[in-house]
file work.cif (mmCIF, C-alpha atoms)
data_target
#
loop_
_atom_site.label_atom_id
_atom_site.label_comp_id
_atom_site.auth_asym_id
_atom_site.auth_seq_id
_atom_site.Cartn_x
_atom_site.Cartn_y
_atom_site.Cartn_z
CA MET Y 317 -48.80 -97.20 8.47
CA ILE Y 318 -47.51 -94.80 11.12
CA THR Y 319 -44.23 -96.11 12.49
CA SER Y 320 -42.95 -93.20 14.57
CA SER Y 321 -44.27 -91.29 17.54
CA ALA Y 322 -42.75 -88.18 15.92
CA ASN Y 323 -45.66 -88.27 13.49
CA GLY Y 324 -47.89 -85.21 13.85
CA GLN Y 325 -51.04 -87.25 14.45
CA ILE Y 326 -49.40 -89.28 17.21
CA LYS Y 327 -48.01 -86.14 18.82
CA ASN Y 328 -51.55 -84.83 18.92
CA LEU Y 329 -52.85 -88.05 20.50
CA ILE Y 330 -50.24 -87.70 23.23
CA LYS Y 331 -51.27 -84.07 23.75
CA LEU Y 332 -54.94 -85.07 24.00
CA GLN Y 333 -53.99 -87.78 26.45
CA LYS Y 334 -52.23 -85.37 28.77
CA SER Y 335 -54.05 -82.06 28.42
CA ALA Y 336 -57.65 -81.23 29.34
CA LYS Y 337 -57.10 -77.86 27.66
CA ALA Y 338 -56.16 -79.53 24.37
CA ARG Y 339 -59.19 -81.80 24.57
CA LYS Y 340 -61.48 -78.85 25.18
CA GLN Y 341 -59.95 -76.78 22.38
CA GLN Y 342 -60.38 -79.60 19.87
CA GLY Y 343 -63.72 -80.79 21.25
CA VAL Y 344 -62.59 -84.41 21.37
CA PHE Y 345 -61.35 -87.06 23.80
CA LEU Y 346 -59.72 -90.48 23.58
CA VAL Y 347 -61.19 -93.94 24.04
CA GLU Y 348 -58.94 -96.96 24.40
CA GLY Y 349 -59.51 -100.70 24.38
CA LEU Y 350 -61.90 -103.08 22.65
CA ARG Y 351 -64.72 -102.99 25.19
CA LEU Y 352 -64.97 -99.21 25.33
CA PHE Y 353 -64.53 -98.89 21.57
CA ARG Y 354 -67.59 -101.11 21.07
CA GLU Y 355 -69.60 -98.68 23.24
CA VAL Y 356 -68.83 -95.54 21.21
CA PRO Y 357 -71.73 -94.40 19.00
CA LYS Y 358 -70.40 -94.41 15.44
CA GLU Y 359 -71.53 -90.85 14.80
CA GLN Y 360 -69.25 -89.65 17.62
CA ILE Y 361 -66.08 -91.18 16.16
CA VAL Y 362 -63.64 -88.82 14.45
CA LYS Y 363 -60.82 -91.26 13.68
CA VAL Y 364 -59.46 -94.57 14.94
CA TYR Y 365 -55.86 -95.74 15.32
CA ILE Y 366 -55.35 -99.51 15.25
CA THR Y 367 -52.65 -102.14 14.98
CA GLU Y 368 -52.55 -104.76 12.22
CA GLU Y 369 -53.40 -107.45 14.74
CA PHE Y 370 -56.53 -105.58 15.82
CA LEU Y 371 -57.60 -105.14 12.19
CA GLU Y 372 -57.24 -108.86 11.52
CA LYS Y 373 -59.38 -109.79 14.54
CA HIS Y 374 -62.01 -107.05 14.45
CA GLU Y 375 -62.34 -105.77 10.90
CA GLU Y 376 -66.14 -105.93 11.18
CA LEU Y 377 -66.07 -103.17 13.83
CA LEU Y 378 -64.40 -100.75 11.44
CA GLN Y 379 -67.02 -100.62 8.71
CA GLU Y 380 -67.56 -97.03 7.52
CA ILE Y 381 -65.03 -95.75 10.07
CA GLU Y 382 -61.88 -93.83 9.14
CA TYR Y 383 -58.86 -95.56 10.62
CA GLU Y 384 -55.08 -95.38 10.54
CA LEU Y 385 -52.73 -98.32 11.02
CA VAL Y 386 -49.97 -97.84 13.60
CA THR Y 387 -47.29 -100.08 15.02
CA ASN Y 388 -47.69 -101.65 18.45
CA GLN Y 389 -44.90 -99.48 19.80
CA VAL Y 390 -46.41 -96.25 18.50
CA LEU Y 391 -49.78 -97.08 20.02
CA LYS Y 392 -48.10 -97.93 23.30
CA GLU Y 393 -46.35 -94.55 23.38
CA ALA Y 394 -49.66 -92.76 22.79
CA SER Y 395 -51.59 -94.92 25.24
CA ASP Y 396 -52.45 -94.26 28.86
CA THR Y 397 -52.53 -97.98 29.68
CA LYS Y 398 -49.67 -100.42 30.29
CA THR Y 399 -51.01 -103.03 27.89
CA PRO Y 400 -52.88 -101.37 24.98
CA GLN Y 401 -55.44 -103.54 23.19
CA GLY Y 402 -54.64 -102.33 19.72
CA VAL Y 403 -57.24 -99.61 19.31
CA MET Y 404 -57.52 -95.93 20.19
CA ALA Y 405 -60.36 -93.71 19.02
CA VAL Y 406 -60.65 -89.94 18.82
CA VAL Y 407 -64.24 -89.20 19.82
CA LYS Y 408 -66.35 -86.04 19.75
CA MET Y 409 -67.21 -84.67 23.18
CA LEU Y 410 -70.76 -85.24 24.38
CA LYS Y 411 -72.57 -81.99 25.07
CA TYR Y 412 -75.73 -81.43 27.06
CA SER Y 413 -77.52 -78.21 27.98
CA LEU Y 414 -79.60 -77.29 31.00
CA ASP Y 415 -82.64 -77.02 28.74
CA GLU Y 416 -82.34 -80.75 28.05
CA LEU Y 417 -82.55 -81.45 31.78
CA LYS Y 418 -85.70 -79.42 32.41
CA GLY Y 419 -89.22 -80.73 32.65
CA TYR Y 420 -88.47 -84.31 33.69
CA ASP Y 421 -91.22 -86.12 35.56
CA ASN Y 422 -89.92 -86.79 39.08
CA PRO Y 423 -86.17 -86.50 38.35
CA CYS Y 424 -83.27 -87.53 40.57
CA PHE Y 425 -79.92 -85.77 40.10
CA MET Y 426 -76.42 -86.34 41.44
CA VAL Y 427 -74.50 -83.13 42.16
CA LEU Y 428 -70.71 -83.35 42.55
CA GLU Y 429 -68.71 -80.55 44.14
CA ASN Y 430 -64.97 -80.58 43.49
CA ILE Y 431 -64.61 -84.37 43.12
CA GLN Y 432 -60.96 -84.89 42.18
CA ASP Y 433 -60.35 -88.63 41.92
CA PRO Y 434 -60.89 -89.91 38.34
CA GLY Y 435 -61.94 -93.34 39.62
CA ASN Y 436 -64.58 -91.80 41.86
CA LEU Y 437 -66.08 -89.73 39.07
CA GLY Y 438 -66.05 -92.63 36.62
CA THR Y 439 -67.71 -94.93 39.13
CA ILE Y 440 -70.39 -92.35 39.96
CA ILE Y 441 -71.17 -91.93 36.25
CA ARG Y 442 -71.42 -95.70 35.82
CA THR Y 443 -73.56 -96.14 38.93
CA SER Y 444 -75.81 -93.27 37.86
CA GLU Y 445 -76.77 -95.24 34.77
CA GLY Y 446 -77.47 -98.34 36.84
CA ALA Y 447 -79.59 -96.41 39.36
CA ASN Y 448 -81.53 -94.54 36.65
CA ILE Y 449 -80.27 -91.10 37.70
CA THR Y 450 -81.59 -88.29 35.48
CA ALA Y 451 -78.21 -86.56 35.10
CA VAL Y 452 -74.97 -85.76 36.92
CA LEU Y 453 -74.33 -82.06 37.59
CA MET Y 454 -70.70 -81.17 38.32
CA SER Y 455 -69.05 -78.06 39.72
CA GLU Y 456 -66.55 -76.46 37.40
CA ASP Y 457 -63.62 -77.54 39.61
CA THR Y 458 -64.52 -81.23 39.41
CA VAL Y 459 -61.97 -83.44 37.60
CA ASP Y 460 -62.29 -83.51 33.80
CA ILE Y 461 -64.76 -86.24 32.82
CA TYR Y 462 -62.75 -86.78 29.61
CA ASN Y 463 -59.63 -87.75 31.55
CA SER Y 464 -58.71 -91.23 30.26
CA LYS Y 465 -58.94 -92.76 33.74
CA VAL Y 466 -62.44 -91.37 34.19
CA VAL Y 467 -63.53 -92.61 30.77
CA ARG Y 468 -62.27 -96.14 31.52
CA SER Y 469 -63.94 -96.16 34.93
CA THR Y 470 -67.34 -95.38 33.39
CA MET Y 471 -67.17 -98.67 31.46
CA GLY Y 472 -69.13 -97.06 28.62
CA SER Y 473 -71.75 -95.29 30.75
CA ILE Y 474 -70.25 -91.95 29.71
CA PHE Y 475 -72.13 -92.43 26.42
CA ARG Y 476 -75.49 -93.06 28.10
CA THR Y 477 -75.53 -90.84 31.20
CA LYS Y 478 -76.24 -87.13 30.85
CA PHE Y 479 -73.82 -84.76 32.57
CA ILE Y 480 -72.95 -81.09 32.63
CA TYR Y 481 -70.41 -78.75 34.26
CA LEU Y 482 -71.86 -75.65 35.93
CA SER Y 483 -71.06 -73.17 38.65
CA MET Y 484 -72.63 -74.05 42.01
CA GLU Y 485 -74.75 -70.92 41.68
CA GLU Y 486 -76.13 -72.17 38.35
CA ILE Y 487 -76.80 -75.59 39.85
CA PHE Y 488 -78.80 -74.21 42.78
CA THR Y 489 -80.72 -71.83 40.52
CA PHE Y 490 -81.66 -74.68 38.18
CA LEU Y 491 -82.75 -77.01 40.99
CA LYS Y 492 -84.80 -74.28 42.64
CA GLU Y 493 -86.55 -73.41 39.38
CA GLU Y 494 -87.34 -77.10 38.83
CA LYS Y 495 -88.65 -77.42 42.41
CA ILE Y 496 -86.19 -80.17 43.29
CA THR Y 497 -85.42 -80.92 46.95
CA THR Y 498 -81.68 -80.78 47.67
CA TYR Y 499 -79.90 -83.20 50.01
CA GLY Y 500 -76.29 -82.70 51.06
CA ALA Y 501 -74.17 -85.58 52.35
CA HIS Y 502 -72.71 -84.20 55.58
CA LEU Y 503 -71.29 -85.51 58.86
CA ASP Y 504 -73.79 -83.36 60.78
CA GLY Y 505 -76.75 -84.59 58.77
CA GLN Y 506 -79.78 -86.64 59.77
CA ASP Y 507 -80.06 -90.38 59.08
CA PHE Y 508 -80.63 -90.48 55.33
CA TYR Y 509 -82.83 -93.58 55.61
CA GLU Y 510 -85.44 -91.42 57.36
CA GLU Y 511 -85.98 -89.23 54.30
CA ASP Y 512 -88.44 -89.67 51.44
CA TYR Y 513 -86.82 -89.61 47.99
CA LYS Y 514 -89.90 -90.55 45.96
CA THR Y 515 -90.34 -86.99 44.77
CA ALA Y 516 -87.91 -84.86 42.72
CA CYS Y 517 -84.54 -84.77 44.49
CA ALA Y 518 -80.83 -84.05 44.12
CA PHE Y 519 -77.98 -85.55 46.14
CA PHE Y 520 -74.86 -83.42 46.76
CA ILE Y 521 -71.51 -85.19 47.24
CA GLY Y 522 -68.45 -83.13 48.17
CA ASN Y 523 -64.70 -83.31 47.74
CA GLU Y 524 -63.03 -86.53 48.90
CA GLY Y 525 -60.99 -84.85 51.62
CA ASN Y 526 -63.09 -81.87 52.64
CA GLY Y 527 -66.67 -82.75 51.84
CA LEU Y 528 -69.13 -80.07 50.78
CA THR Y 529 -68.06 -76.45 51.14
CA GLU Y 530 -69.62 -74.34 53.89
CA GLU Y 531 -71.55 -72.32 51.30
CA THR Y 532 -73.06 -75.40 49.67
CA THR Y 533 -73.86 -76.92 53.07
CA ARG Y 534 -75.71 -73.75 53.96
CA LEU Y 535 -77.70 -73.75 50.73
CA VAL Y 536 -78.91 -77.38 50.61
CA GLU Y 537 -82.36 -77.89 52.09
CA ARG Y 538 -81.58 -81.08 53.98
CA LYS Y 539 -78.33 -82.43 55.40
CA ILE Y 540 -78.17 -86.23 55.42
CA LYS Y 541 -75.72 -88.79 56.77
CA ILE Y 542 -75.25 -92.47 56.00
CA PRO Y 543 -75.32 -94.28 59.38
CA MET Y 544 -72.17 -96.27 60.15
CA TYR Y 545 -70.82 -98.57 62.81
CA GLY Y 546 -67.20 -98.79 63.93
CA GLN Y 547 -64.82 -95.86 64.07
CA ILE Y 548 -65.06 -94.57 60.49
CA GLU Y 549 -66.64 -91.17 59.88
CA SER Y 550 -67.37 -91.33 56.19
CA LEU Y 551 -67.33 -93.49 53.07
CA ASN Y 552 -65.46 -93.10 49.80
CA ALA Y 553 -67.26 -90.51 47.63
CA ALA Y 554 -68.27 -93.03 44.96
CA ILE Y 555 -69.51 -95.56 47.53
CA ALA Y 556 -71.48 -92.90 49.40
CA GLY Y 557 -73.04 -91.75 46.16
CA THR Y 558 -73.94 -95.33 45.29
CA VAL Y 559 -75.68 -95.88 48.64
CA LEU Y 560 -77.72 -92.70 48.19
CA MET Y 561 -78.68 -93.43 44.59
CA TYR Y 562 -79.80 -96.96 45.26
CA GLU Y 563 -81.86 -96.01 48.29
CA ALA Y 564 -83.69 -93.50 46.10
CA MET Y 565 -84.19 -96.19 43.45
CA ARG Y 566 -85.42 -98.68 46.08
CA GLN Y 567 -87.99 -96.23 47.41
CA ARG Y 568 -89.21 -95.33 43.94
CA ARG Y 569 -89.70 -98.99 42.98
CA GLN Y 570 -91.98 -99.75 45.91
#

call {"tool": "encode", "arguments": {"input": "work.cif", "output": "structure tokens"}}
result
Amino acid sequence: MITSSANGQIKNLIKLQKSAKARKQQGVFLVEGLRLFREVPKEQIVKVYITEEFLEKHEELLQEIEYELVTNQVLKEASDTKTPQGVMAVVKMLKYSLDELKGYDNPCFMVLENIQDPGNLGTIIRTSEGANITAVLMSEDTVDIYNSKVVRSTMGSIFRTKFIYLSMEEIFTFLKEEKITTYGAHLDGQDFYEEDYKTACAFFIGNEGNGLTEETTRLVERKIKIPMYGQIESLNAAIAGTVLMYEAMRQRRQ
């Protein structure tokens, strides 16, 4: 049993918790809590750190999985949550290529430009699964999807929703080659309910504070706006994305 946070393995967990660079270098990320741990495909698990209490209650979940016992205090020091649930897993990163996203019949993509809030990204990933989005394409300056807060916000959808980081140039090139109509959420856009999303499409959502960049706004084929009453100008990025995704799903189900 590991009883000190000075242990090399625990030091590495703390590094992985705090550093996107360390996660990328090692090709792994962390998953905490019982619910998320249940969602991890077994083949993606590298190693699991658990407390004795967790082992007693959930031994059946650990069959054929390498695990290390740690004290409650050690797990708490390595954790990103206030009340750890007794389990932390080191998981291999999920990797998708553009080739895997080509050739879909009538796809619908979400494109995120410089989204910075972990909760927003996690919610968009989760909603994308619910709305049957083909994949989420993210600009390279979007928050790290393997940030612990993002992972928790996905509620497990991170393991079932395809995603990829690309430059905006690569994103536009890909969408053009696949003959996908691009729609940018913008304050100067047309009422998005007036558009037809039954054919291949991609929705662009911009940074929480600044929206889409001028360059991206210029390049999208259609600018769209969610109509609103009252004095507000725009919605939270995740909520706006949800409205767009579910309108596309509604149209496609008719």

call {"tool": "resolve_selection", "arguments": {"input": "work.cif", "expression": "the PyMOL selection byres ((chain Y and resi 433) around 12)", "output": "number ranges by chain"}}
result
Y: 428-432, 434-440, 457-461, 463, 465-466, 469, 522-525, 552-554

call {"tool": "resolve_selection", "arguments": {"input": "work.cif", "expression": "the PyMOL selection byres ((chain Y and resi 568) around 10)", "output": "tab-separated table (two decimals) with C-alpha atoms, keeping the file's coordinate frame"}}
result
chain	number	residue	atom	x	y	z
Y	422	ASN	CA	-89.92	-86.79	39.08
Y	512	ASP	CA	-88.44	-89.67	51.44
Y	513	TYR	CA	-86.82	-89.61	47.99
Y	514	LYS	CA	-89.90	-90.55	45.96
Y	515	THR	CA	-90.34	-86.99	44.77
Y	562	TYR	CA	-79.80	-96.96	45.26
Y	563	GLU	CA	-81.86	-96.01	48.29
Y	564	ALA	CA	-83.69	-93.50	46.10
Y	565	MET	CA	-84.19	-96.19	43.45
Y	566	ARG	CA	-85.42	-98.68	46.08
Y	567	GLN	CA	-87.99	-96.23	47.41
Y	569	ARG	CA	-89.70	-98.99	42.98
Y	570	GLN	CA	-91.98	-99.75	45.91

call {"tool": "resolve_selection", "arguments": {"input": "work.cif", "expression": "the PyMOL selection byres ((chain Y and resi 474) around 9)", "output": "list in words"}}
result
Leu410, Gly438, Ile441, Arg442, Glu445, Ile461, Val467, Thr470, Met471, Gly472, Ser473, Phe475, Arg476, Thr477, Lys478 and Phe479 of chain Y

call {"tool": "residues_around", "arguments": {"input": "work.cif", "residues": "Glu494 (chain Y)", "least_positions_apart": "3", "cutoff": "12 Å", "atoms": "only C-alpha atoms", "output": "JSON, numbers by chain"}}
result
{"Y": [414, 415, 417, 418, 419, 420, 421, 422, 423, 424, 425, 487, 488, 489, 490, 491, 497, 498, 515, 516, 517, 518]}

call {"tool": "atom_distance", "arguments": {"input": "work.cif", "atom1": "CA of Phe519 (chain Y)", "atom2": "CA of Tyr545 (chain Y)"}}
result
22.3 Å

call {"tool": "atom_distance", "arguments": {"input": "work.cif", "atom1": "CA of Arg351 (chain Y)", "atom2": "CA of Gln325 (chain Y)"}}
result
23.5 Å

call {"tool": "atom_distance", "arguments": {"input": "work.cif", "atom1": "CA of Val407 (chain Y)", "atom2": "CA of Phe345 (chain Y)"}}
result
5.4 Å

call {"tool": "residues_near_point", "arguments": {"input": "work.cif", "point": "(-63.7, -105.4, 13.1)", "cutoff": "12 Å", "atoms": "all atoms listed in the file", "output": "NGL selection string"}}
result
:Y and (350 or 353-354 or 364 or 366-381 or 383 or 402-403)

call {"tool": "residues_near_point", "arguments": {"input": "work.cif", "point": "(-52.9, -87.1, 26.9)", "cutoff": "10 Å", "atoms": "only C-alpha atoms", "output": "JSON list (two decimals) with C-alpha atoms, in the frame of the given file"}}
result
[["chain", "number", "residue", "atom", "x", "y", "z"],
["Y", 327, "LYS", "CA", -48.01, -86.14, 18.82],
["Y", 328, "ASN", "CA", -51.55, -84.83, 18.92],
["Y", 329, "LEU", "CA", -52.85, -88.05, 20.50],
["Y", 330, "ILE", "CA", -50.24, -87.70, 23.23],
["Y", 331, "LYS", "CA", -51.27, -84.07, 23.75],
["Y", 332, "LEU", "CA", -54.94, -85.07, 24.00],
["Y", 333, "GLN", "CA", -53.99, -87.78, 26.45],
["Y", 334, "LYS", "CA", -52.23, -85.37, 28.77],
["Y", 335, "SER", "CA", -54.05, -82.06, 28.42],
["Y", 336, "ALA", "CA", -57.65, -81.23, 29.34],
["Y", 338, "ALA", "CA", -56.16, -79.53, 24.37],
["Y", 339, "ARG", "CA", -59.19, -81.80, 24.57],
["Y", 345, "PHE", "CA", -61.35, -87.06, 23.80],
["Y", 346, "LEU", "CA", -59.72, -90.48, 23.58],
["Y", 394, "ALA", "CA", -49.66, -92.76, 22.79],
["Y", 395, "SER", "CA", -51.59, -94.92, 25.24],
["Y", 396, "ASP", "CA", -52.45, -94.26, 28.86],
["Y", 463, "ASN", "CA", -59.63, -87.75, 31.55],
["Y", 464, "SER", "CA", -58.71, -91.23, 30.26]]

call {"tool": "closest_residue", "arguments": {"input": "work.cif", "among": "Y:Ile326, Y:Val362, Y:Met561, Y:Met484", "to": "Thr443 (chain Y)", "atoms": "all atoms listed in the file"}}
result
Y:Met561

call {"tool": "axis_aligned_box", "arguments": {"input": "work.cif", "around": "region 446-454 of chain Y", "padding_each_side": "5 Å", "output": "JSON"}}
result
{"center_x": -76.1, "center_y": -89.8, "center_z": 37.2, "size_x": 20.9, "size_y": 27.2, "size_z": 14.3}

call {"tool": "closest_residue", "arguments": {"input": "work.cif", "among": "Y:Leu551, Y:Ile496, Y:Met409, Y:Val559", "to": "Glu537 (chain Y)", "atoms": "all atoms listed in the file"}}
result
Y:Ile496

call {"tool": "closest_residue", "arguments": {"input": "work.cif", "among": "Y:Ile361, Y:Leu385, Y:Ile521, Y:Ile548", "to": "Met426 (chain Y)", "atoms": "only C-alpha atoms"}}
result
Y:Ile521

call {"tool": "closest_residue", "arguments": {"input": "work.cif", "among": "Y:Lys392, Y:Lys340, Y:Pro357, Y:Glu348", "to": "Ser321 (chain Y)", "atoms": "only C-alpha atoms"}}
result
Y:Lys392

call {"tool": "closest_residue", "arguments": {"input": "work.cif", "among": "Y:Val344, Y:Ile318, Y:Leu560, Y:Leu535", "to": "Lys411 (chain Y)", "atoms": "only C-alpha atoms"}}
result
Y:Val344
